[in-house]
Structure formats: C-alpha cells, structure tokens
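Coordinates as given in query-v3.pdb (PDB, C-alpha atoms, pLDDT in the B column):
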ATOM      1  CA  MET A   1       0.000   0.000   0.000  1.00 73.00           C
ATOM      2  CA  THR A   2       1.214   3.480  -0.875  1.00 80.00           C
ATOM      3  CA  THR A   3       0.380   6.542   1.181  1.00 82.00           C
ATOM      4  CA  ILE A   4       0.137   9.863  -0.605  1.00 83.00           C
ATOM      5  CA  HIS A   5       0.138  13.148   1.269  1.00 85.00           C
ATOM      6  CA  ILE A   6      -1.429  16.266  -0.247  1.00 85.00           C
ATOM      7  CA  GLU A   7      -0.873  19.484   1.670  1.00 89.00           C
ATOM      8  CA  GLU A   8      -3.793  21.305   0.031  1.00 85.00           C
ATOM      9  CA  GLU A   9      -7.076  20.960   1.935  1.00 85.00           C
ATOM     10  CA  LEU A  10      -9.392  18.986  -0.355  1.00 81.00           C
ATOM     11  CA  ASN A  11     -12.403  18.455   1.917  1.00 83.00           C
ATOM     12  CA  LEU A  12     -13.257  15.078   0.408  1.00 87.00           C
ATOM     13  CA  ASP A  13     -16.563  13.460   1.341  1.00 87.00           C
ATOM     14  CA  LYS A  14     -15.089  10.035   0.668  1.00 88.00           C
ATOM     15  CA  THR A  15     -11.567   8.971   1.675  1.00 87.00           C
ATOM     16  CA  HIS A  16     -11.388   5.246   0.880  1.00 89.00           C
ATOM     17  CA  PHE A  17     -11.210   3.961  -2.699  1.00 90.00           C
ATOM     18  CA  LYS A  18     -10.651   0.425  -3.996  1.00 90.00           C
ATOM     19  CA  THR A  19      -8.767   1.535  -7.106  1.00 89.00           C
ATOM     20  CA  MET A  20      -7.067   4.576  -8.558  1.00 88.00           C
ATOM     21  CA  GLU A  21      -9.746   4.610 -11.256  1.00 92.00           C
ATOM     22  CA  GLU A  22     -12.473   4.866  -8.613  1.00 92.00           C
ATOM     23  CA  PHE A  23     -10.609   7.786  -7.040  1.00 91.00           C
ATOM     24  CA  GLN A  24     -10.221   9.513 -10.426  1.00 91.00           C
ATOM     25  CA  LEU A  25     -13.909   9.094 -11.197  1.00 92.00           C
ATOM     26  CA  TYR A  26     -14.770  10.501  -7.788  1.00 91.00           C
ATOM     27  CA  LEU A  27     -12.616  13.564  -8.447  1.00 89.00           C
ATOM     28  CA  ILE A  28     -14.123  14.068 -11.904  1.00 87.00           C
ATOM     29  CA  MET A  29     -17.673  13.857 -10.595  1.00 87.00           C
ATOM     30  CA  ARG A  30     -16.808  16.171  -7.713  1.00 85.00           C
ATOM     31  CA  GLU A  31     -15.324  18.683 -10.143  1.00 79.00           C
ATOM     32  CA  LYS A  32     -18.453  18.568 -12.316  1.00 76.00           C
ATOM     33  CA  GLU A  33     -20.570  19.433  -9.290  1.00 75.00           C
ATOM     34  CA  GLN A  34     -18.345  22.414  -8.476  1.00 69.00           C
ATOM     35  CA  SER A  35     -17.695  23.628 -12.014  1.00 59.00           C
ATOM     36  CA  GLU A  36     -20.421  26.292 -12.063  1.00 65.00           C
ATOM     37  CA  ASP A  37     -17.967  29.076 -11.197  1.00 65.00           C
ATOM     38  CA  TYR A  38     -14.962  27.565 -12.975  1.00 67.00           C
ATOM     39  CA  CYS A  39     -13.340  29.279 -15.922  1.00 79.00           C
ATOM     40  CA  LEU A  40     -10.055  28.787 -17.696  1.00 81.00           C
ATOM     41  CA  SER A  41      -7.103  30.966 -16.835  1.00 87.00           C
ATOM     42  CA  ASP A  42      -5.854  33.402 -19.470  1.00 92.00           C
ATOM     43  CA  ALA A  43      -2.789  31.194 -19.957  1.00 94.00           C
ATOM     44  CA  HIS A  44      -4.953  28.148 -20.684  1.00 93.00           C
ATOM     45  CA  LYS A  45      -7.135  30.184 -23.046  1.00 93.00           C
ATOM     46  CA  ARG A  46      -4.014  31.257 -24.968  1.00 95.00           C
ATOM     47  CA  ILE A  47      -2.850  27.630 -25.228  1.00 94.00           C
ATOM     48  CA  LEU A  48      -6.217  26.570 -26.644  1.00 93.00           C
ATOM     49  CA  ASP A  49      -6.300  29.541 -29.037  1.00 94.00           C
ATOM     50  CA  ASP A  50      -2.778  28.671 -30.244  1.00 94.00           C
ATOM     51  CA  ARG A  51      -3.765  25.032 -30.821  1.00 90.00           C
ATOM     52  CA  VAL A  52      -6.905  25.997 -32.724  1.00 90.00           C
ATOM     53  CA  ALA A  53      -4.910  28.438 -34.872  1.00 92.00           C
ATOM     54  CA  GLU A  54      -2.306  25.741 -35.577  1.00 90.00           C
ATOM     55  CA  ALA A  55      -5.001  23.232 -36.544  1.00 85.00           C
ATOM     56  CA  ASP A  56      -6.698  25.808 -38.774  1.00 88.00           C
ATOM     57  CA  SER A  57      -3.440  26.658 -40.538  1.00 92.00           C
ATOM     58  CA  ASN A  58      -2.428  22.987 -40.994  1.00 89.00           C
ATOM     59  CA  PRO A  59      -5.673  21.057 -41.539  1.00 83.00           C
ATOM     60  CA  ASP A  60      -3.908  18.120 -43.220  1.00 86.00           C
ATOM     61  CA  ASN A  61      -1.928  17.364 -40.050  1.00 84.00           C
ATOM     62  CA  TYR A  62      -5.013  16.579 -37.987  1.00 81.00           C
ATOM     63  CA  ILE A  63      -7.946  14.209 -37.995  1.00 84.00           C
ATOM     64  CA  THR A  64     -11.516  15.086 -37.157  1.00 83.00           C
ATOM     65  CA  TYR A  65     -13.096  14.107 -33.881  1.00 83.00           C
ATOM     66  CA  GLN A  66     -15.292  11.631 -35.760  1.00 88.00           C
ATOM     67  CA  GLU A  67     -12.224  10.047 -37.392  1.00 88.00           C
ATOM     68  CA  PHE A  68     -10.642   9.767 -33.962  1.00 86.00           C
ATOM     69  CA  LYS A  69     -13.735   8.047 -32.516  1.00 86.00           C
ATOM     70  CA  ASP A  70     -13.999   5.745 -35.529  1.00 88.00           C
ATOM     71  CA  SER A  71     -10.380   4.661 -35.143  1.00 87.00           C
ATOM     72  CA  PHE A  72     -11.304   2.953 -31.863  1.00 84.00           C
ATOM     73  CA  LYS A  73     -14.069   0.971 -33.523  1.00 80.00           C
ATOM     74  CA  GLU A  74     -11.655  -0.419 -36.131  1.00 63.00           C
ATOM     75  CA  LYS A  75      -9.480  -2.206 -33.565  1.00 59.00           C
TER      76      LYS A  75
END
As structure tokens:
Amino acid sequence: MTTIHIEEELNLDKTHFKTMEEFQLYLIMREKEQSEDYCLSDAHKRILDDRVAEADSNPDNYITYQEFKDSFKEK
C-alpha cells in the first residue's frame, strides 16, 4: 500500500477507494458538481487559441473528432 500526502485541503466526502480509477472518477464527478464558477485561466485560453490556430493553418496534419472516434471501432 502506498500513502500519498497532499498538503492542500481537499475536503473530500469520501476517503477510501478500492482503485485509482475509482478515485479519479470521484474527483471528476466532484469537479463537475463544483464547475459552475470555474473558468479557464488566461494562460490556458491562450494555449487553446494557439492550438486551434495551428489546426486551422495545418488542416492536413489533424484528424476530425469523428475520425478519432472511428479509429477505436476499427481495432
């Protein structure tokens, strides 16, 4: 068993998880419940804007979201 210490106060309702996946899902669901006031930082917005601009200027270097989803079905 590994013990992880996080100095930030998380105020978790649940503190015992069978797997890391269960813990991740818990955190995701918790974040969704609290995301009403959440917004991206200016730095994150710039990163996304840069990536969109790069994709727009080089459309042949990327696949569509549908192509990405379909690639999982092929395997």
Task: Separation of atom CA of Leu40 of chain A from atom CA of Asp60 of chain A in Å - done: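 These atoms are spaced 28.3 Å apart.
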- [ ] Quick one: pull the distance between atom CA of Tyr62 of chain A and atom CA of Asp42 of chain A, Å, one decimal.
- [x]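 Atom-to-atom, atom CA of Tyr62 of chain A to atom CA of Asp42 of chain A, that is 25.0 Å.
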Open item on the list: One number please: atom CA of Glu33 of chain A to atom CA of Ile6 of chain A, in Å, one decimal.
Closed with: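 Interatomic distance here is 21.4 Å.
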